[in-house]
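Here is target.txt, consisting of compact mmCIF, C-alpha atoms:
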# COMPACT_ATOMS: atom_id res chain seq x y z
CA MET A 9 214.62 82.97 102.54
CA HIS A 10 215.20 83.39 106.25
CA PRO A 11 213.74 80.97 108.79
CA PHE A 12 211.68 82.39 111.63
CA SER A 13 213.40 82.99 114.96
CA SER A 14 211.11 80.35 116.50
CA PRO A 15 209.99 77.07 114.93
CA ILE A 16 206.27 77.99 114.91
CA ILE A 17 204.39 81.28 114.68
CA GLU A 18 200.74 81.50 115.77
CA VAL A 19 198.42 83.77 113.77
CA ALA A 20 194.73 84.61 114.03
CA ILE A 21 192.64 84.10 110.90
CA SER A 22 189.90 86.71 110.52
CA ASP A 23 186.34 86.08 109.38
CA ALA A 24 187.11 88.15 106.28
CA ILE A 25 190.00 85.86 105.29
CA GLN A 26 187.87 82.77 105.84
CA LYS A 27 185.02 84.22 103.76
CA ARG A 28 187.34 85.18 100.89
CA ALA A 29 188.85 81.69 100.92
CA GLN A 30 185.37 80.13 100.92
CA ILE A 31 184.24 82.21 97.94
CA PHE A 32 187.38 81.11 96.09
CA ALA A 33 186.89 77.43 96.97
CA GLU A 34 183.27 77.44 95.83
CA ALA A 35 184.22 79.10 92.52
CA VAL A 36 187.28 76.94 91.78
CA ILE A 37 185.49 73.63 92.35
CA ALA A 38 183.89 73.82 88.89
CA THR A 39 187.32 74.00 87.24
CA VAL A 40 189.05 70.99 88.81
CA ASP A 41 189.12 67.25 88.18
CA TYR A 42 190.78 65.20 90.89
CA SER A 43 189.70 61.76 89.71
CA ASP A 44 193.37 60.89 89.11
CA ALA A 45 194.17 61.88 92.70
CA ARG A 46 191.83 59.29 94.21
CA GLN A 47 189.43 61.98 95.41
CA GLN A 48 185.83 62.03 94.19
CA SER A 49 184.02 64.03 96.88
CA ARG A 50 183.35 67.53 95.57
CA ARG A 51 182.59 68.65 99.13
CA LYS A 52 186.02 67.41 100.30
CA ILE A 53 187.75 69.01 97.29
CA CYS A 54 186.03 72.34 98.01
CA HIS A 55 187.01 72.14 101.69
CA ASP A 56 190.61 71.32 100.73
CA HIS A 57 190.80 74.41 98.51
CA TRP A 58 189.40 76.54 101.32
CA VAL A 59 191.92 75.13 103.80
CA SER A 60 194.75 75.74 101.31
CA LYS A 61 193.87 79.42 100.88
CA VAL A 62 193.49 79.92 104.63
CA GLY A 63 196.94 78.37 105.05
CA GLU A 64 198.44 80.69 102.44
CA GLU A 65 196.93 83.65 104.27
CA ALA A 66 198.34 82.38 107.58
CA VAL A 67 201.84 82.20 106.08
CA LYS A 68 201.44 85.69 104.63
CA LEU A 69 200.47 87.01 108.08
CA ALA A 70 203.48 85.29 109.69
CA PHE A 71 205.96 86.77 107.22
CA GLU A 72 204.37 90.22 107.32
CA ARG A 73 204.72 90.10 111.11
CA HIS A 74 208.48 89.85 110.40
CA SER A 75 208.27 92.79 107.95
CA ARG A 76 208.87 90.59 104.90
CA PRO A 77 207.11 91.59 101.66
CA VAL A 78 204.72 88.88 100.44
CA GLN A 79 203.11 88.54 97.01
CA GLY A 80 199.91 86.47 96.98
CA PRO A 81 197.81 84.50 97.60
CA ASP A 82 196.37 84.35 94.10
CA TYR A 83 192.56 84.27 94.07
CA THR A 84 192.21 84.13 90.30
CA ILE A 85 189.99 81.31 89.01
CA TYR A 86 191.80 79.67 86.09
CA ASP A 87 190.31 77.35 83.49
CA ALA A 88 191.89 73.88 83.37
CA PRO A 89 194.41 74.65 80.57
CA GLN A 90 195.65 77.73 82.46
CA LYS A 91 196.23 75.97 85.79
CA SER A 92 199.82 75.60 86.88
CA TRP A 93 201.93 74.49 89.79
CA GLU A 94 203.26 78.00 90.39
CA ALA A 95 204.37 78.90 93.89
CA ASP A 96 201.60 79.75 96.34
CA LEU A 97 203.39 82.87 97.58
CA TYR A 98 206.52 84.89 96.92
CA VAL A 99 208.43 86.17 99.95
CA ASP A 100 211.12 88.73 99.15
CA GLY A 101 210.60 87.54 95.55
CA VAL A 102 211.44 83.90 96.47
CA PRO A 103 208.84 81.27 95.52
CA LEU A 104 207.25 79.52 98.49
CA ALA A 105 204.90 76.53 98.52
CA VAL A 106 202.39 76.18 101.36
CA LYS A 107 200.94 72.95 102.76
CA THR A 108 198.11 73.11 105.30
CA GLN A 109 196.40 70.53 107.48
CA THR A 110 193.45 71.15 109.78
CA GLN A 111 193.51 70.33 113.45
CA ALA A 112 190.61 67.90 112.88
CA MET A 113 192.62 65.92 110.30
CA ALA A 114 195.68 66.05 112.55
CA ASN A 115 193.59 64.52 115.35
CA HIS A 116 192.62 61.73 112.99
CA PHE A 117 195.87 61.00 111.10
CA GLY A 118 198.57 62.77 113.08
CA LEU A 119 199.91 66.21 112.18
CA SER A 120 201.31 65.82 108.68
CA TRP A 121 201.23 67.30 105.20
CA THR A 122 200.71 65.44 101.94
CA PHE A 123 202.46 65.78 98.59
CA GLN A 124 201.24 64.29 95.31
CA ALA A 125 204.02 61.83 94.45
CA GLY A 126 202.78 59.91 91.42
CA SER A 127 204.99 59.08 88.49
CA GLN A 128 206.39 61.82 86.30
CA LYS A 129 203.40 61.34 83.96
CA GLY A 130 200.84 61.26 86.77
CA ARG A 131 199.78 63.85 89.32
CA ARG A 132 202.95 65.01 91.05
CA ASP A 133 203.93 68.07 93.07
CA PRO A 134 206.80 69.51 90.97
CA ILE A 135 208.39 70.82 94.16
CA LEU A 136 209.45 67.24 94.92
CA ASP A 137 211.88 67.53 91.99
CA SER A 138 213.28 70.85 93.22
CA PRO A 139 215.49 70.17 96.25
CA GLU A 140 216.29 73.86 96.81
CA ALA A 141 212.62 74.96 96.71
CA TRP A 142 211.04 76.39 99.86
CA VAL A 143 207.90 75.21 101.63
CA CYS A 144 205.98 76.33 104.72
CA PHE A 145 203.69 74.03 106.70
CA VAL A 146 200.56 75.20 108.51
CA LYS A 147 198.27 73.61 111.06
CA TYR A 148 194.87 75.30 111.07
CA ASP A 149 192.32 75.05 113.86
CA GLU A 150 188.97 75.85 112.24
CA ALA A 151 187.12 76.18 115.56
CA GLY A 152 189.65 78.59 117.04
CA GLN A 153 190.44 80.34 113.74
CA THR A 154 194.12 79.98 114.54
CA GLY A 155 196.98 79.01 112.28
CA TRP A 156 200.35 77.68 113.38
CA VAL A 157 202.95 78.41 110.72
CA TYR A 158 206.13 76.34 110.76
CA SER A 159 209.37 78.03 109.79
CA PRO A 160 210.12 77.65 106.04
CA ARG A 161 212.19 74.67 104.97
CA GLN A 162 213.90 73.60 101.78
CA VAL A 163 212.65 70.40 100.20
CA GLU A 164 216.08 68.76 100.44
CA THR A 165 215.92 69.02 104.26
CA LEU A 166 212.55 67.25 104.58
CA ARG A 167 212.09 63.65 105.65
CA PHE A 168 209.24 62.08 103.69
CA GLY A 169 207.22 59.16 104.96
CA GLU A 170 204.35 57.03 103.75
CA PRO A 171 200.71 58.01 104.32
CA LYS A 172 198.81 56.21 107.07
CA LEU A 173 196.05 55.30 104.60
CA ALA A 174 197.24 52.27 102.66
CA LYS A 175 195.29 53.27 99.53
CA LEU A 176 197.44 56.42 99.22
CA ARG A 177 200.81 54.71 99.42
CA GLY A 178 202.76 54.91 96.19
CA PHE A 179 200.80 58.00 95.13
CA LYS A 180 201.52 60.41 97.96
CA LYS A 181 204.37 61.25 100.30
CA VAL A 182 203.94 62.77 103.74
CA VAL A 183 205.96 65.06 105.98
CA TYR A 184 205.19 64.45 109.66
CA ALA A 185 205.39 67.36 112.15
CA ASP A 186 207.65 65.44 114.53
CA ASN A 187 210.32 65.39 111.82
CA LEU A 188 210.08 69.15 111.29
CA LEU A 189 210.75 70.06 114.88
CA SER A 190 213.55 67.54 115.42
CA ASN A 191 216.14 69.63 113.56
CA PHE A 192 215.05 73.23 114.08

structure tokens encoding of this file:
Amino acid sequence: MHPFSSPIIEVAISDAIQKRAQIFAEAVIATVDYSDARQQSRRKICHDHWVSKVGEEAVKLAFERHSRPVQGPDYTIYDAPQKSWEADLYVDGVPLAVKTQTQAMANHFGLSWTFQAGSQKGRRDPILDSPEAWVCFVKYDEAGQTGWVYSPRQVETLRFGEPKLAKLRGFKKVVYADNLLSNF
């Protein structure tokens, strides 16, 4: 996987992409249970799924702008037993995870991206156990319909911190934007 020539690429997110992501989020909400992730609000869970798909689309647009073939995002609605932690996208056949945060959340908590980091038996992003895996980070401004896609990074190069919300510490790990740009 090749990094971008600049640390961040700006992409416009069309109404069609947003609508497709919304349809997905509204359909997937019936198939998820996040009670073990300390999230009970179905509205928040639906919004999070929408934001995630928009972020995946933003990354796809950024790589396609660099003439890289991208497979995904996957809009299939899976039943609980079929769900997996497969990569969000494949770029040149290489698996790529995508993490997205909205501008509104960045204004509230600082620009950062969260990973599930529970015990091996609890909810945990498997990518945390794959140091050579690739991840792209996206900041999405809902009002401006603009995504900022950070150049892909390998997990082993990331600096993880604790969440600002005390109730999430010990269950989640966070990558802060300032740490991404410091070694581009």

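Of note, CA of Lys107 (chain A) and CA of Lys147 (chain A) are spaced 8.7 Å apart.
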
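Minimum distance to Gln30 (chain A) across A:Leu104, A:Cys54, A:Ala185, A:Ile85 (counting all atoms listed in the file) occurs at A:Cys54.
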
Near region 157-169 of chain A, counting all atoms listed in the file, which residues have an atom at most 10 Å away, once you skip same-chain residues fewer than 3 positions from it, shown as an NGL selection string?
-> :A and (9-19 or 63-64 or 66-71 or 104-108 or 120-123 or 135-148 or 154 or 172 or 177 or 180-185 or 187-189 or 191-192)

Between CA of Gly152 (chain A) and CA of Gln109 (chain A), measure the distance and give it in Å to one decimal.
-> 14.2 Å

If you measure from CA of His74 (chain A) to CA of Gly155 (chain A), what distance in Å do you get, rounded to one decimal?
-> 15.9 Å

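Minimum distance to Tyr86 (chain A) across A:Asn115, A:Gln124, A:Ser49, A:Thr39 (counting all atoms listed in the file) occurs at A:Thr39.
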
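Ranking A:Val36, A:Val99, A:Leu173, A:Met113 by their shortest atom-to-atom distance to Ser75 (chain A), with all atoms listed in the file included, puts A:Val99 first.
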